[in-house]
file final18.cif (mmCIF, N, CA and C atoms)
data_query
#
loop_
_atom_site.label_atom_id
_atom_site.label_comp_id
_atom_site.auth_asym_id
_atom_site.auth_seq_id
_atom_site.Cartn_x
_atom_site.Cartn_y
_atom_site.Cartn_z
N MET A 1 -11.12 -14.38 -8.35
CA MET A 1 -9.82 -13.78 -8.66
C MET A 1 -9.99 -12.77 -9.79
N LEU A 2 -9.36 -11.65 -9.66
CA LEU A 2 -9.42 -10.63 -10.70
C LEU A 2 -8.48 -11.01 -11.83
N ASP A 3 -8.93 -10.83 -13.06
CA ASP A 3 -8.09 -11.12 -14.22
C ASP A 3 -7.26 -9.88 -14.51
N SER A 4 -5.95 -10.00 -14.32
CA SER A 4 -5.09 -8.84 -14.55
C SER A 4 -3.66 -9.29 -14.78
N SER A 5 -2.82 -8.33 -15.10
CA SER A 5 -1.41 -8.62 -15.29
C SER A 5 -0.74 -9.00 -13.98
N ALA A 6 -1.43 -8.85 -12.84
CA ALA A 6 -0.86 -9.24 -11.55
C ALA A 6 -0.68 -10.76 -11.47
N ASN A 7 -1.20 -11.49 -12.42
CA ASN A 7 -1.00 -12.94 -12.44
C ASN A 7 0.48 -13.31 -12.52
N ARG A 8 1.34 -12.36 -12.92
CA ARG A 8 2.78 -12.63 -13.00
C ARG A 8 3.56 -11.90 -11.89
N CYS A 9 2.85 -11.36 -10.93
CA CYS A 9 3.49 -10.67 -9.80
C CYS A 9 4.47 -11.62 -9.11
N PHE A 10 5.67 -11.12 -8.78
CA PHE A 10 6.68 -11.94 -8.13
C PHE A 10 6.20 -12.52 -6.80
N VAL A 11 5.44 -11.75 -6.04
CA VAL A 11 5.02 -12.21 -4.72
C VAL A 11 3.78 -13.10 -4.79
N CYS A 12 2.75 -12.68 -5.52
CA CYS A 12 1.48 -13.40 -5.43
C CYS A 12 0.99 -14.00 -6.75
N GLY A 13 1.67 -13.76 -7.84
CA GLY A 13 1.16 -14.20 -9.13
C GLY A 13 1.30 -15.70 -9.37
N PRO A 14 0.19 -16.37 -9.64
CA PRO A 14 0.26 -17.81 -9.94
C PRO A 14 0.95 -18.10 -11.26
N GLY A 15 1.07 -17.10 -12.13
CA GLY A 15 1.70 -17.28 -13.43
C GLY A 15 3.19 -17.01 -13.45
N ASN A 16 3.80 -16.78 -12.29
CA ASN A 16 5.23 -16.51 -12.22
C ASN A 16 5.93 -17.75 -11.67
N ASN A 17 6.68 -18.43 -12.54
CA ASN A 17 7.31 -19.70 -12.16
C ASN A 17 8.34 -19.58 -11.04
N ILE A 18 8.98 -18.42 -10.91
CA ILE A 18 9.98 -18.26 -9.85
C ILE A 18 9.46 -17.42 -8.69
N GLY A 19 8.18 -17.08 -8.71
CA GLY A 19 7.59 -16.23 -7.68
C GLY A 19 7.36 -16.94 -6.36
N LEU A 20 6.95 -16.16 -5.36
CA LEU A 20 6.72 -16.66 -4.02
C LEU A 20 5.35 -17.35 -3.87
N LYS A 21 4.41 -17.04 -4.76
CA LYS A 21 3.08 -17.66 -4.80
C LYS A 21 2.30 -17.56 -3.49
N VAL A 22 2.38 -16.40 -2.86
CA VAL A 22 1.65 -16.15 -1.63
C VAL A 22 0.17 -15.97 -1.95
N ARG A 23 -0.69 -16.53 -1.13
CA ARG A 23 -2.14 -16.42 -1.30
C ARG A 23 -2.68 -15.49 -0.23
N PHE A 24 -3.14 -14.33 -0.65
CA PHE A 24 -3.67 -13.33 0.27
C PHE A 24 -5.17 -13.49 0.42
N GLN A 25 -5.67 -13.14 1.62
CA GLN A 25 -7.11 -13.20 1.90
C GLN A 25 -7.51 -11.97 2.69
N LEU A 26 -8.76 -11.55 2.48
CA LEU A 26 -9.32 -10.46 3.27
C LEU A 26 -10.04 -11.04 4.48
N ASP A 27 -9.79 -10.47 5.67
CA ASP A 27 -10.56 -10.82 6.86
C ASP A 27 -11.87 -10.04 6.84
N ASP A 28 -11.76 -8.81 6.50
CA ASP A 28 -12.91 -7.93 6.27
C ASP A 28 -12.42 -6.90 5.26
N GLU A 29 -13.11 -5.84 5.10
CA GLU A 29 -12.72 -4.85 4.10
C GLU A 29 -11.43 -4.12 4.44
N ASN A 30 -10.97 -4.21 5.69
CA ASN A 30 -9.83 -3.40 6.12
C ASN A 30 -8.62 -4.20 6.58
N ILE A 31 -8.64 -5.53 6.47
CA ILE A 31 -7.51 -6.36 6.91
C ILE A 31 -7.23 -7.44 5.88
N CYS A 32 -5.96 -7.57 5.50
CA CYS A 32 -5.51 -8.61 4.57
C CYS A 32 -4.46 -9.44 5.30
N HIS A 33 -4.44 -10.74 5.03
CA HIS A 33 -3.44 -11.57 5.70
C HIS A 33 -2.99 -12.71 4.79
N ALA A 34 -1.85 -13.30 5.17
CA ALA A 34 -1.28 -14.45 4.46
C ALA A 34 -0.20 -15.06 5.34
N GLU A 35 0.31 -16.20 4.90
CA GLU A 35 1.45 -16.84 5.56
C GLU A 35 2.48 -17.16 4.49
N TRP A 36 3.74 -17.21 4.91
CA TRP A 36 4.83 -17.55 3.99
C TRP A 36 5.96 -18.17 4.81
N THR A 37 6.64 -19.14 4.22
CA THR A 37 7.77 -19.79 4.87
C THR A 37 9.03 -19.54 4.06
N SER A 38 10.05 -19.02 4.72
CA SER A 38 11.33 -18.75 4.08
C SER A 38 12.05 -20.05 3.76
N SER A 39 12.99 -19.96 2.83
CA SER A 39 13.83 -21.12 2.49
C SER A 39 15.19 -20.61 2.01
N ALA A 40 16.10 -21.52 1.75
CA ALA A 40 17.48 -21.17 1.40
C ALA A 40 17.58 -20.32 0.14
N GLU A 41 16.59 -20.37 -0.75
CA GLU A 41 16.63 -19.55 -1.97
C GLU A 41 16.56 -18.06 -1.68
N TYR A 42 16.12 -17.68 -0.48
CA TYR A 42 15.89 -16.28 -0.15
C TYR A 42 16.85 -15.76 0.90
N VAL A 43 18.04 -16.35 0.99
CA VAL A 43 19.02 -15.98 1.99
C VAL A 43 19.66 -14.63 1.67
N GLY A 44 19.93 -13.87 2.70
CA GLY A 44 20.74 -12.66 2.61
C GLY A 44 22.08 -13.03 3.22
N TYR A 45 22.28 -12.65 4.49
CA TYR A 45 23.43 -13.16 5.23
C TYR A 45 23.18 -14.64 5.49
N GLU A 46 24.24 -15.39 5.71
CA GLU A 46 24.13 -16.83 5.94
C GLU A 46 23.10 -17.13 7.03
N GLY A 47 22.10 -17.92 6.68
CA GLY A 47 21.10 -18.35 7.64
C GLY A 47 19.99 -17.35 7.91
N VAL A 48 19.99 -16.22 7.22
CA VAL A 48 19.00 -15.16 7.46
C VAL A 48 18.30 -14.81 6.14
N THR A 49 16.99 -14.65 6.21
CA THR A 49 16.22 -14.26 5.03
C THR A 49 16.56 -12.83 4.63
N HIS A 50 16.72 -12.60 3.34
CA HIS A 50 17.06 -11.28 2.80
C HIS A 50 15.95 -10.27 3.14
N GLY A 51 16.35 -9.10 3.62
CA GLY A 51 15.39 -8.06 3.98
C GLY A 51 14.54 -7.58 2.82
N GLY A 52 15.09 -7.61 1.61
CA GLY A 52 14.32 -7.19 0.44
C GLY A 52 13.14 -8.11 0.18
N ILE A 53 13.32 -9.39 0.45
CA ILE A 53 12.22 -10.34 0.29
C ILE A 53 11.14 -10.04 1.33
N ILE A 54 11.57 -9.78 2.55
CA ILE A 54 10.59 -9.46 3.61
C ILE A 54 9.82 -8.19 3.25
N PHE A 55 10.52 -7.17 2.73
CA PHE A 55 9.79 -5.96 2.34
C PHE A 55 8.85 -6.22 1.17
N CYS A 56 9.26 -7.04 0.21
CA CYS A 56 8.34 -7.40 -0.89
C CYS A 56 7.04 -7.98 -0.34
N LEU A 57 7.17 -8.86 0.64
CA LEU A 57 5.99 -9.48 1.25
C LEU A 57 5.13 -8.44 1.95
N LEU A 58 5.75 -7.52 2.68
CA LEU A 58 4.98 -6.47 3.36
C LEU A 58 4.27 -5.57 2.35
N ASP A 59 4.99 -5.17 1.30
CA ASP A 59 4.40 -4.32 0.27
C ASP A 59 3.17 -4.99 -0.34
N ASP A 60 3.28 -6.28 -0.60
CA ASP A 60 2.17 -6.99 -1.24
C ASP A 60 1.00 -7.23 -0.30
N VAL A 61 1.24 -7.51 0.97
CA VAL A 61 0.09 -7.70 1.87
C VAL A 61 -0.67 -6.39 2.01
N MET A 62 0.04 -5.27 1.96
CA MET A 62 -0.64 -3.97 2.02
C MET A 62 -1.39 -3.69 0.72
N ALA A 63 -0.73 -3.87 -0.41
CA ALA A 63 -1.37 -3.60 -1.71
C ALA A 63 -2.54 -4.55 -1.97
N ASN A 64 -2.42 -5.80 -1.56
CA ASN A 64 -3.50 -6.75 -1.79
C ASN A 64 -4.74 -6.46 -0.97
N LEU A 65 -4.59 -5.71 0.11
CA LEU A 65 -5.76 -5.29 0.86
C LEU A 65 -6.70 -4.52 -0.08
N LEU A 66 -6.13 -3.70 -0.94
CA LEU A 66 -6.94 -2.94 -1.90
C LEU A 66 -7.26 -3.76 -3.14
N PHE A 67 -6.29 -4.51 -3.66
CA PHE A 67 -6.50 -5.29 -4.87
C PHE A 67 -7.65 -6.28 -4.72
N LEU A 68 -7.72 -6.94 -3.58
CA LEU A 68 -8.79 -7.91 -3.35
C LEU A 68 -10.15 -7.25 -3.16
N ARG A 69 -10.14 -5.95 -2.96
CA ARG A 69 -11.40 -5.18 -2.91
C ARG A 69 -11.76 -4.63 -4.29
N GLY A 70 -10.95 -4.95 -5.30
CA GLY A 70 -11.25 -4.51 -6.65
C GLY A 70 -10.57 -3.23 -7.07
N GLU A 71 -9.49 -2.85 -6.38
CA GLU A 71 -8.78 -1.62 -6.70
C GLU A 71 -7.31 -1.93 -7.02
N ILE A 72 -6.76 -1.16 -7.92
CA ILE A 72 -5.34 -1.25 -8.26
C ILE A 72 -4.64 -0.07 -7.57
N CYS A 73 -3.46 -0.34 -7.02
CA CYS A 73 -2.74 0.75 -6.36
C CYS A 73 -1.25 0.61 -6.65
N VAL A 74 -0.56 1.70 -6.47
CA VAL A 74 0.90 1.71 -6.55
C VAL A 74 1.45 2.33 -5.27
N THR A 75 2.58 1.82 -4.85
CA THR A 75 3.22 2.32 -3.65
C THR A 75 3.84 3.68 -3.96
N ALA A 76 3.43 4.69 -3.22
CA ALA A 76 3.99 6.03 -3.41
C ALA A 76 5.13 6.29 -2.44
N LYS A 77 5.02 5.75 -1.24
CA LYS A 77 6.02 5.97 -0.20
C LYS A 77 5.89 4.83 0.81
N ALA A 78 7.01 4.35 1.29
CA ALA A 78 6.96 3.29 2.29
C ALA A 78 8.12 3.42 3.27
N ASP A 79 7.82 3.20 4.53
CA ASP A 79 8.84 3.12 5.57
C ASP A 79 8.80 1.70 6.10
N VAL A 80 9.97 1.10 6.25
CA VAL A 80 10.04 -0.26 6.78
C VAL A 80 11.02 -0.29 7.94
N ARG A 81 10.67 -1.08 8.92
CA ARG A 81 11.55 -1.26 10.07
C ARG A 81 11.72 -2.75 10.31
N PHE A 82 12.97 -3.17 10.41
CA PHE A 82 13.28 -4.56 10.68
C PHE A 82 13.56 -4.70 12.18
N HIS A 83 12.81 -5.56 12.85
CA HIS A 83 12.89 -5.70 14.30
C HIS A 83 13.75 -6.90 14.71
N GLU A 84 13.62 -8.01 13.99
CA GLU A 84 14.34 -9.24 14.31
C GLU A 84 14.70 -9.93 13.00
N PRO A 85 15.79 -10.67 12.97
CA PRO A 85 16.10 -11.44 11.76
C PRO A 85 15.13 -12.61 11.61
N LEU A 86 14.87 -12.98 10.37
CA LEU A 86 14.07 -14.16 10.08
C LEU A 86 15.00 -15.23 9.56
N GLY A 87 15.08 -16.34 10.27
CA GLY A 87 15.90 -17.45 9.83
C GLY A 87 15.30 -18.13 8.62
N LEU A 88 15.99 -19.11 8.11
CA LEU A 88 15.48 -19.89 6.98
C LEU A 88 14.55 -20.98 7.51
N ASP A 89 13.61 -21.38 6.68
CA ASP A 89 12.62 -22.40 7.03
C ASP A 89 11.74 -21.98 8.20
N GLU A 90 11.54 -20.67 8.37
CA GLU A 90 10.64 -20.16 9.40
C GLU A 90 9.41 -19.55 8.73
N LYS A 91 8.25 -19.83 9.31
CA LYS A 91 6.99 -19.29 8.78
C LYS A 91 6.68 -17.95 9.43
N ILE A 92 6.19 -17.02 8.61
CA ILE A 92 5.71 -15.74 9.12
C ILE A 92 4.26 -15.54 8.75
N LYS A 93 3.58 -14.78 9.60
CA LYS A 93 2.21 -14.35 9.35
C LYS A 93 2.29 -12.89 8.89
N LEU A 94 1.68 -12.60 7.76
CA LEU A 94 1.66 -11.26 7.18
C LEU A 94 0.29 -10.64 7.41
N ARG A 95 0.28 -9.35 7.68
CA ARG A 95 -0.99 -8.66 7.91
C ARG A 95 -0.89 -7.24 7.38
N GLY A 96 -1.92 -6.82 6.68
CA GLY A 96 -2.06 -5.45 6.23
C GLY A 96 -3.32 -4.87 6.82
N ASN A 97 -3.24 -3.66 7.33
CA ASN A 97 -4.37 -3.04 8.01
C ASN A 97 -4.56 -1.61 7.48
N LEU A 98 -5.74 -1.32 6.97
CA LEU A 98 -6.04 0.02 6.47
C LEU A 98 -6.12 0.99 7.63
N VAL A 99 -5.29 2.04 7.57
CA VAL A 99 -5.26 3.05 8.61
C VAL A 99 -6.15 4.23 8.24
N LYS A 100 -6.04 4.67 6.97
CA LYS A 100 -6.78 5.87 6.55
C LYS A 100 -7.00 5.80 5.05
N ARG A 101 -8.13 6.29 4.62
CA ARG A 101 -8.41 6.37 3.19
C ARG A 101 -9.07 7.71 2.91
N ARG A 102 -8.48 8.44 1.97
CA ARG A 102 -9.06 9.71 1.55
C ARG A 102 -8.87 9.83 0.05
N GLY A 103 -9.96 9.73 -0.71
CA GLY A 103 -9.89 9.80 -2.16
C GLY A 103 -9.01 8.69 -2.70
N LYS A 104 -8.01 9.07 -3.49
CA LYS A 104 -7.11 8.10 -4.11
C LYS A 104 -5.91 7.75 -3.23
N LEU A 105 -5.84 8.29 -2.02
CA LEU A 105 -4.73 7.99 -1.12
C LEU A 105 -5.18 7.02 -0.05
N ALA A 106 -4.40 5.96 0.14
CA ALA A 106 -4.64 5.00 1.23
C ALA A 106 -3.36 4.86 2.03
N ILE A 107 -3.49 4.88 3.35
CA ILE A 107 -2.36 4.63 4.24
C ILE A 107 -2.62 3.28 4.89
N ILE A 108 -1.64 2.40 4.75
CA ILE A 108 -1.79 1.03 5.22
C ILE A 108 -0.57 0.64 6.03
N GLU A 109 -0.80 -0.10 7.11
CA GLU A 109 0.29 -0.64 7.92
C GLU A 109 0.41 -2.13 7.64
N GLY A 110 1.65 -2.60 7.60
CA GLY A 110 1.89 -4.02 7.39
C GLY A 110 2.79 -4.57 8.48
N SER A 111 2.63 -5.86 8.76
CA SER A 111 3.50 -6.50 9.73
C SER A 111 3.82 -7.92 9.30
N ALA A 112 4.99 -8.39 9.71
CA ALA A 112 5.42 -9.77 9.51
C ALA A 112 5.81 -10.30 10.88
N VAL A 113 5.12 -11.34 11.33
CA VAL A 113 5.31 -11.90 12.66
C VAL A 113 5.71 -13.36 12.53
N ARG A 114 6.78 -13.74 13.23
CA ARG A 114 7.22 -15.14 13.20
C ARG A 114 6.15 -16.01 13.85
N ASP A 115 5.78 -17.09 13.18
CA ASP A 115 4.71 -17.96 13.64
C ASP A 115 5.09 -18.70 14.93
N SER A 116 6.32 -19.12 15.06
CA SER A 116 6.71 -19.98 16.19
C SER A 116 6.70 -19.28 17.54
N ASP A 117 6.97 -17.97 17.57
CA ASP A 117 7.05 -17.27 18.86
C ASP A 117 6.36 -15.91 18.86
N ASP A 118 5.64 -15.58 17.78
CA ASP A 118 4.92 -14.30 17.65
C ASP A 118 5.82 -13.07 17.73
N ALA A 119 7.11 -13.24 17.43
CA ALA A 119 8.04 -12.09 17.41
C ALA A 119 7.80 -11.25 16.16
N LEU A 120 7.77 -9.93 16.35
CA LEU A 120 7.63 -9.02 15.22
C LEU A 120 8.94 -8.99 14.45
N ILE A 121 8.90 -9.42 13.19
CA ILE A 121 10.09 -9.46 12.34
C ILE A 121 10.30 -8.12 11.65
N ALA A 122 9.22 -7.58 11.07
CA ALA A 122 9.31 -6.31 10.34
C ALA A 122 7.95 -5.65 10.32
N SER A 123 7.96 -4.33 10.20
CA SER A 123 6.72 -3.57 10.09
C SER A 123 6.92 -2.46 9.06
N SER A 124 5.81 -2.01 8.50
CA SER A 124 5.88 -0.98 7.47
C SER A 124 4.62 -0.12 7.51
N THR A 125 4.78 1.13 7.18
CA THR A 125 3.65 2.02 6.92
C THR A 125 3.88 2.57 5.52
N ALA A 126 2.85 2.49 4.69
CA ALA A 126 3.01 2.93 3.30
C ALA A 126 1.82 3.74 2.84
N HIS A 127 2.10 4.63 1.90
CA HIS A 127 1.06 5.41 1.22
C HIS A 127 0.89 4.83 -0.18
N PHE A 128 -0.35 4.58 -0.56
CA PHE A 128 -0.66 4.03 -1.87
C PHE A 128 -1.57 4.98 -2.63
N VAL A 129 -1.34 5.10 -3.93
CA VAL A 129 -2.22 5.84 -4.82
C VAL A 129 -3.13 4.80 -5.48
N VAL A 130 -4.43 5.01 -5.38
CA VAL A 130 -5.42 4.01 -5.76
C VAL A 130 -6.21 4.45 -6.98
N GLN A 131 -6.50 3.46 -7.85
CA GLN A 131 -7.39 3.68 -8.98
C GLN A 131 -8.29 2.46 -9.09
N PRO A 132 -9.59 2.65 -9.35
CA PRO A 132 -10.46 1.48 -9.56
C PRO A 132 -10.00 0.66 -10.75
N VAL A 133 -10.19 -0.64 -10.69
CA VAL A 133 -9.79 -1.54 -11.78
C VAL A 133 -10.43 -1.11 -13.09
N THR A 134 -11.66 -0.62 -13.05
CA THR A 134 -12.34 -0.20 -14.28
C THR A 134 -11.60 0.93 -14.97
N GLU A 135 -10.96 1.84 -14.21
CA GLU A 135 -10.18 2.91 -14.83
C GLU A 135 -8.97 2.35 -15.56
N ILE A 136 -8.32 1.36 -14.99
CA ILE A 136 -7.15 0.75 -15.63
C ILE A 136 -7.58 0.05 -16.91
N ALA A 137 -8.68 -0.70 -16.86
CA ALA A 137 -9.16 -1.44 -18.02
C ALA A 137 -9.54 -0.49 -19.17
N ASN A 138 -10.07 0.67 -18.84
CA ASN A 138 -10.48 1.62 -19.88
C ASN A 138 -9.29 2.25 -20.61
N ARG A 139 -8.09 2.17 -20.05
CA ARG A 139 -6.90 2.73 -20.69
C ARG A 139 -6.40 1.83 -21.82
N SER A 140 -6.74 0.56 -21.77
CA SER A 140 -6.23 -0.41 -22.75
C SER A 140 -6.83 -0.21 -24.10
#

call {"tool": "encode", "arguments": {"input": "final18.cif", "output": "structure tokens"}}
result
Amino acid sequence: MLDSSANRCFVCGPGNNIGLKVRFQLDDENICHAEWTSSAEYVGYEGVTHGGIIFCLLDDVMANLLFLRGEICVTAKADVRFHEPLGLDEKIKLRGNLVKRRGKLAIIEGSAVRDSDDALIASSTAHFVVQPVTEIANRS
């Protein structure tokens, strides 16, 4: 695990008491994945998970693809599409896939798929600006 201020990240930080505590893993250098189960704390409309929570998860599965490779990135632009509602107490599979990398720009696609029926819940394509962790550490 990289030692960084991301330890308090709302989505993946183990040091955030109210966070989602998602554990991301790399399949290879170009794919990141995780699982998460919704609950009543994350409701939007009655019985439906809030879309902002779903987008937070997508943003993090995409960003963690780079973070787990030793790079820090920030989201520069993101498009999200919601395909199906996610009920409460439903598990989703998250996936981030590197589409293109050129210099400090990375384009990554993310998806959230319901575990019980493989329905696509939401998808996103985002542009990230990347800096090596060593550059961030040298600023301190």

call {"tool": "atom_distance", "arguments": {"input": "final18.cif", "atom1": "atom N of A:Lys91", "atom2": "atom CA of A:Ser124"}}
result
19.1 Å

call {"tool": "resolve_selection", "arguments": {"input": "final18.cif", "expression": "the PyMOL selection byres ((chain A and resi 49) around 7)", "output": "PDB file with N, CA and C atoms, keeping the file's coordinate frame"}}
result
ATOM      1  N   SER A  38      10.050 -19.020   4.720  1.00  0.00           N
ATOM      2  CA  SER A  38      11.330 -18.750   4.080  1.00  0.00           C
ATOM      3  C   SER A  38      12.050 -20.050   3.760  1.00  0.00           C
ATOM      4  N   SER A  39      12.990 -19.960   2.830  1.00  0.00           N
ATOM      5  CA  SER A  39      13.830 -21.120   2.490  1.00  0.00           C
ATOM      6  C   SER A  39      15.190 -20.610   2.010  1.00  0.00           C
ATOM      7  N   TYR A  42      16.120 -17.680  -0.480  1.00  0.00           N
ATOM      8  CA  TYR A  42      15.890 -16.280  -0.150  1.00  0.00           C
ATOM      9  C   TYR A  42      16.850 -15.760   0.900  1.00  0.00           C
ATOM     10  N   VAL A  43      18.040 -16.350   0.990  1.00  0.00           N
ATOM     11  CA  VAL A  43      19.020 -15.980   1.990  1.00  0.00           C
ATOM     12  C   VAL A  43      19.660 -14.630   1.670  1.00  0.00           C
ATOM     13  N   GLY A  44      19.930 -13.870   2.700  1.00  0.00           N
ATOM     14  CA  GLY A  44      20.740 -12.660   2.610  1.00  0.00           C
ATOM     15  C   GLY A  44      22.080 -13.030   3.220  1.00  0.00           C
ATOM     16  N   TYR A  45      22.280 -12.650   4.490  1.00  0.00           N
ATOM     17  CA  TYR A  45      23.430 -13.160   5.230  1.00  0.00           C
ATOM     18  C   TYR A  45      23.180 -14.640   5.490  1.00  0.00           C
ATOM     19  N   GLU A  46      24.240 -15.390   5.710  1.00  0.00           N
ATOM     20  CA  GLU A  46      24.130 -16.830   5.940  1.00  0.00           C
ATOM     21  C   GLU A  46      23.100 -17.130   7.030  1.00  0.00           C
ATOM     22  N   GLY A  47      22.100 -17.920   6.680  1.00  0.00           N
ATOM     23  CA  GLY A  47      21.100 -18.350   7.640  1.00  0.00           C
ATOM     24  C   GLY A  47      19.990 -17.350   7.910  1.00  0.00           C
ATOM     25  N   VAL A  48      19.990 -16.220   7.220  1.00  0.00           N
ATOM     26  CA  VAL A  48      19.000 -15.160   7.460  1.00  0.00           C
ATOM     27  C   VAL A  48      18.300 -14.810   6.140  1.00  0.00           C
ATOM     28  N   HIS A  50      16.720 -12.600   3.340  1.00  0.00           N
ATOM     29  CA  HIS A  50      17.060 -11.280   2.800  1.00  0.00           C
ATOM     30  C   HIS A  50      15.950 -10.270   3.140  1.00  0.00           C
ATOM     31  N   GLY A  51      16.350  -9.100   3.620  1.00  0.00           N
ATOM     32  CA  GLY A  51      15.390  -8.060   3.980  1.00  0.00           C
ATOM     33  C   GLY A  51      14.540  -7.580   2.820  1.00  0.00           C
ATOM     34  N   GLY A  52      15.090  -7.610   1.610  1.00  0.00           N
ATOM     35  CA  GLY A  52      14.320  -7.190   0.440  1.00  0.00           C
ATOM     36  C   GLY A  52      13.140  -8.110   0.180  1.00  0.00           C
ATOM     37  N   ILE A  53      13.320  -9.390   0.450  1.00  0.00           N
ATOM     38  CA  ILE A  53      12.220 -10.340   0.290  1.00  0.00           C
ATOM     39  C   ILE A  53      11.140 -10.040   1.330  1.00  0.00           C
ATOM     40  N   ILE A  54      11.570  -9.780   2.550  1.00  0.00           N
ATOM     41  CA  ILE A  54      10.590  -9.460   3.610  1.00  0.00           C
ATOM     42  C   ILE A  54       9.820  -8.190   3.250  1.00  0.00           C
ATOM     43  N   PRO A  85      15.790 -10.670  12.970  1.00  0.00           N
ATOM     44  CA  PRO A  85      16.100 -11.440  11.760  1.00  0.00           C
ATOM     45  C   PRO A  85      15.130 -12.610  11.610  1.00  0.00           C
ATOM     46  N   LEU A  86      14.870 -12.980  10.370  1.00  0.00           N
ATOM     47  CA  LEU A  86      14.070 -14.160  10.080  1.00  0.00           C
ATOM     48  C   LEU A  86      15.000 -15.230   9.560  1.00  0.00           C
ATOM     49  N   GLY A  87      15.080 -16.340  10.270  1.00  0.00           N
ATOM     50  CA  GLY A  87      15.900 -17.450   9.830  1.00  0.00           C
ATOM     51  C   GLY A  87      15.300 -18.130   8.620  1.00  0.00           C
ATOM     52  N   LEU A  88      15.990 -19.110   8.110  1.00  0.00           N
ATOM     53  CA  LEU A  88      15.480 -19.890   6.980  1.00  0.00           C
ATOM     54  C   LEU A  88      14.550 -20.980   7.510  1.00  0.00           C
TER      55      LEU A  88
END

call {"tool": "resolve_selection", "arguments": {"input": "final18.cif", "expression": "the PyMOL selection byres ((chain A and resi 82) around 6)", "output": "mmCIF file with N, CA and C atoms, in the frame of the given file"}}
result
data_model
loop_
_atom_site.group_PDB
_atom_site.id
_atom_site.type_symbol
_atom_site.label_atom_id
_atom_site.label_comp_id
_atom_site.auth_asym_id
_atom_site.auth_seq_id
_atom_site.Cartn_x
_atom_site.Cartn_y
_atom_site.Cartn_z
ATOM 1 N N VAL A 80 9.970 1.100 6.250
ATOM 2 C CA VAL A 80 10.040 -0.260 6.780
ATOM 3 C C VAL A 80 11.020 -0.290 7.940
ATOM 4 N N ARG A 81 10.670 -1.080 8.920
ATOM 5 C CA ARG A 81 11.550 -1.260 10.070
ATOM 6 C C ARG A 81 11.720 -2.750 10.310
ATOM 7 N N HIS A 83 12.810 -5.560 12.850
ATOM 8 C CA HIS A 83 12.890 -5.700 14.300
ATOM 9 C C HIS A 83 13.750 -6.900 14.710
ATOM 10 N N GLU A 84 13.620 -8.010 13.990
ATOM 11 C CA GLU A 84 14.340 -9.240 14.310
ATOM 12 C C GLU A 84 14.700 -9.930 13.000
ATOM 13 N N ILE A 121 8.900 -9.420 13.190
ATOM 14 C CA ILE A 121 10.090 -9.460 12.340
ATOM 15 C C ILE A 121 10.300 -8.120 11.650
ATOM 16 N N ALA A 122 9.220 -7.580 11.070
ATOM 17 C CA ALA A 122 9.310 -6.310 10.340
ATOM 18 C C ALA A 122 7.950 -5.650 10.320
ATOM 19 N N SER A 123 7.960 -4.330 10.200
ATOM 20 C CA SER A 123 6.720 -3.570 10.090
ATOM 21 C C SER A 123 6.920 -2.460 9.060
#

call {"tool": "residues_around", "arguments": {"input": "final18.cif", "residues": "A:Arg114", "least_positions_apart": "4", "cutoff": "6 Å", "atoms": "all atoms listed in the file", "output": "PyMOL selection string"}}
result
chain A and resi 91-93+118-121

call {"tool": "atom_distance", "arguments": {"input": "final18.cif", "atom1": "atom N of A:Ser111", "atom2": "atom CA of A:Gly15"}}
result
25.0 Å

call {"tool": "atom_distance", "arguments": {"input": "final18.cif", "atom1": "atom CA of A:Lys21", "atom2": "atom CA of A:Arg101"}}
result
27.8 Å
